[in-house]
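> Sharing a structure with you now.
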Amino acid sequence: MARQNSVMAWQVETLSTKNLHLLTQVAEDVFDHEILPDRARAAVDDPGQIFAIAHADNVTVAQARGHLHLQPDEAPVFYLDNLGVSPDWKRRGIATALVRTLAANARARGAKTLWLATEPDNEEANAFYRHLGLTSDTVVYFETQLDGFAP
């Protein structure tokens, strides 16, 4: 999917080993941390991982990724794990295009449900997800570091 705007054209692609080179040039704030090539390759090689990027002039300006959770008692569920758009590229429809790409890919793999989590005070993300028609419910989120974790 390619889009043209008044500044520059951008394109959304599902990431694979064939276009993994697009992660060598990444705009500011697209990812939380530096790209590690071996981990990037492992992510695209994981058959349950769905990863999409938006790029302009061979620079990745946005990304979204998630995981297809296979269930023994119901259809697969798609968890949208991360979405990042460089500040200079926000409000151009890129995040919506990324989510649509992931949702279509997950649907094609049999998923019936998409879910995600974000912080209650992340007003920008919450407004975006409401705009997409997603609904929110109160959940409790637990997390721990696995180093030293011994239940």
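Residue names in the structure tokens use chain letters A, B, ... in the order shown, residue numbers from 1 in each chain, and ligand numbers from 1 in the order shown.
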Quick one: residues within 6 Å of range 86-92 of chain A, only C-alpha atoms counted, chain neighbours fewer than 5 positions away excluded, as a PyMOL selection string?
chain A and resi 28-30+61
> At a cut-off of 12 Å, can you tabulate as JSON lines every residue of range 5-82 of chain A near range 106-124 of chain A together with its closest atom pair and the distance in Å to one decimal, using only C-alpha atoms and ordering rows by chain then number?

```
{"residue": "A:Thr14", "atom": "CA", "partner": "A:Ala106", "partner_atom": "CA", "distance": 11.7}
{"residue": "A:Pro47", "atom": "CA", "partner": "A:Arg109", "partner_atom": "CA", "distance": 10.6}
{"residue": "A:Gly48", "atom": "CA", "partner": "A:Ala106", "partner_atom": "CA", "distance": 9.4}
{"residue": "A:Gln49", "atom": "CA", "partner": "A:Ala106", "partner_atom": "CA", "distance": 9.7}
{"residue": "A:Ile50", "atom": "CA", "partner": "A:Ala106", "partner_atom": "CA", "distance": 7.6}
{"residue": "A:Phe51", "atom": "CA", "partner": "A:Ala106", "partner_atom": "CA", "distance": 10.6}
{"residue": "A:Ala52", "atom": "CA", "partner": "A:Ala106", "partner_atom": "CA", "distance": 11.8}
{"residue": "A:Ala64", "atom": "CA", "partner": "A:Leu116", "partner_atom": "CA", "distance": 11.6}
{"residue": "A:Arg65", "atom": "CA", "partner": "A:Leu116", "partner_atom": "CA", "distance": 10.9}
{"residue": "A:Gly66", "atom": "CA", "partner": "A:Leu116", "partner_atom": "CA", "distance": 9.0}
{"residue": "A:His67", "atom": "CA", "partner": "A:Ala106", "partner_atom": "CA", "distance": 8.7}
{"residue": "A:Leu68", "atom": "CA", "partner": "A:Ala106", "partner_atom": "CA", "distance": 6.9}
{"residue": "A:His69", "atom": "CA", "partner": "A:Ala111", "partner_atom": "CA", "distance": 8.6}
{"residue": "A:Leu70", "atom": "CA", "partner": "A:Ala111", "partner_atom": "CA", "distance": 8.7}
{"residue": "A:Gln71", "atom": "CA", "partner": "A:Ala111", "partner_atom": "CA", "distance": 10.0}
{"residue": "A:Glu74", "atom": "CA", "partner": "A:Lys112", "partner_atom": "CA", "distance": 9.1}
{"residue": "A:Ala75", "atom": "CA", "partner": "A:Ala111", "partner_atom": "CA", "distance": 5.8}
{"residue": "A:Pro76", "atom": "CA", "partner": "A:Ala111", "partner_atom": "CA", "distance": 4.5}
{"residue": "A:Val77", "atom": "CA", "partner": "A:Thr113", "partner_atom": "CA", "distance": 5.1}
{"residue": "A:Phe78", "atom": "CA", "partner": "A:Leu114", "partner_atom": "CA", "distance": 4.7}
{"residue": "A:Tyr79", "atom": "CA", "partner": "A:Trp115", "partner_atom": "CA", "distance": 5.0}
{"residue": "A:Leu80", "atom": "CA", "partner": "A:Leu116", "partner_atom": "CA", "distance": 5.1}
{"residue": "A:Asp81", "atom": "CA", "partner": "A:Leu116", "partner_atom": "CA", "distance": 6.4}
{"residue": "A:Asn82", "atom": "CA", "partner": "A:Leu116", "partner_atom": "CA", "distance": 8.5}
```
> Print the selection's residues with C-alpha atoms to a file, as a CSV table (one decimal), in the first residue's frame.

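Okay, result_32.csv is ready:
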```csv
chain,number,residue,atom,x,y,z
A,14,THR,CA,4.8,-6.7,5.9
A,47,PRO,CA,5.7,-17.9,12.0
A,48,GLY,CA,3.4,-16.5,14.7
A,49,GLN,CA,4.9,-13.0,14.5
A,50,ILE,CA,3.3,-10.4,12.2
A,51,PHE,CA,5.4,-7.4,11.6
A,52,ALA,CA,4.6,-4.4,9.3
A,64,ALA,CA,3.7,-2.3,14.2
A,65,ARG,CA,4.0,-5.9,15.3
A,66,GLY,CA,2.1,-8.5,17.1
A,67,HIS,CA,1.8,-12.2,17.7
A,68,LEU,CA,-0.8,-14.7,16.6
A,69,HIS,CA,-1.7,-16.8,19.7
A,70,LEU,CA,-2.9,-20.3,18.8
A,71,GLN,CA,-5.6,-21.6,21.1
A,74,GLU,CA,-11.0,-21.4,19.9
A,75,ALA,CA,-9.8,-19.5,16.9
A,76,PRO,CA,-6.4,-17.9,17.0
A,77,VAL,CA,-6.2,-14.5,18.7
A,78,PHE,CA,-4.0,-11.7,17.5
A,79,TYR,CA,-2.2,-9.6,20.1
A,80,LEU,CA,-1.0,-6.2,18.7
A,81,ASP,CA,2.1,-5.9,20.8
A,82,ASN,CA,3.8,-2.6,19.6
```
> With only C-alpha atoms as the basis for distance, which of A:Gly133, A:Gly148, A:Pro37, A:Gly93 is at the shortest distance from Ala9 in chain A?
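Selected residue with least distance to Ala9 in chain A: A:Gly93.
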> Can you work out which one of A:Leu36, A:Ala56, A:Ala62, A:Leu98 has the shortest atom-to-atom distance to Gly84 in chain A, counting only C-alpha atoms?
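Ranked by minimum distance to Gly84 in chain A, first place goes to A:Ala62.
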> Please run DSSP on the backbone and report, as a list of chain:residue names, all residues within range 53-100 of chain A that come out as strand (DSSP E or B).
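Reading the DSSP output for range 53-100 of chain A, strand (DSSP E or B) covers A:Ile53, A:Ala54, A:His55, A:Ala56, A:Val59, A:Thr60, A:Val61, A:Ala62, A:Gln63, A:Ala64, A:Arg65, A:Gly66, A:His67, A:Leu68, A:His69, A:Val77, A:Phe78, A:Tyr79, A:Leu80, A:Asp81, A:Asn82, A:Leu83, A:Gly84, A:Val85.
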> Grab the CA of Phe128 in chain A to CA of Ala54 in chain A distance for me, in Å with one decimal place.
17.4 Å
> What does the distance from CA of Met8 in chain A to CA of Tyr129 in chain A come to in Å, to one decimal?
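Rounded to one decimal, the two atoms are 25.2 Å apart.
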> Nearest residue to Leu134 in chain A out of A:Val99, A:Leu20, A:Trp10, A:Val85, using only C-alpha atoms?
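Ranked by minimum distance to Leu134 in chain A, first place goes to A:Val99.
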> Could you pull the residues within 8 Å of Thr17 in chain A, counting only C-alpha atoms, minus those fewer than 4 positions along the same chain, as a ChimeraX atom specification?
/A:41,44-45
> Would you mind exporting C-alpha atoms of the selected residues as a PDB file, in the first residue's frame?

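This went into selection31.pdb:
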```
ATOM      1  CA  ARG A  41      15.754 -11.809  11.863  1.00  0.00           C
ATOM      2  CA  VAL A  44      10.504 -12.162  11.089  1.00  0.00           C
ATOM      3  CA  ASP A  45      11.362 -15.869  11.046  1.00  0.00           C
TER       4      ASP A  45
END
```
> Between CA of Ala127 in chain A and CA of Asn105 in chain A, what is the distance in Å, rounded to a tenth?
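Interatomic distance here is 23.8 Å.
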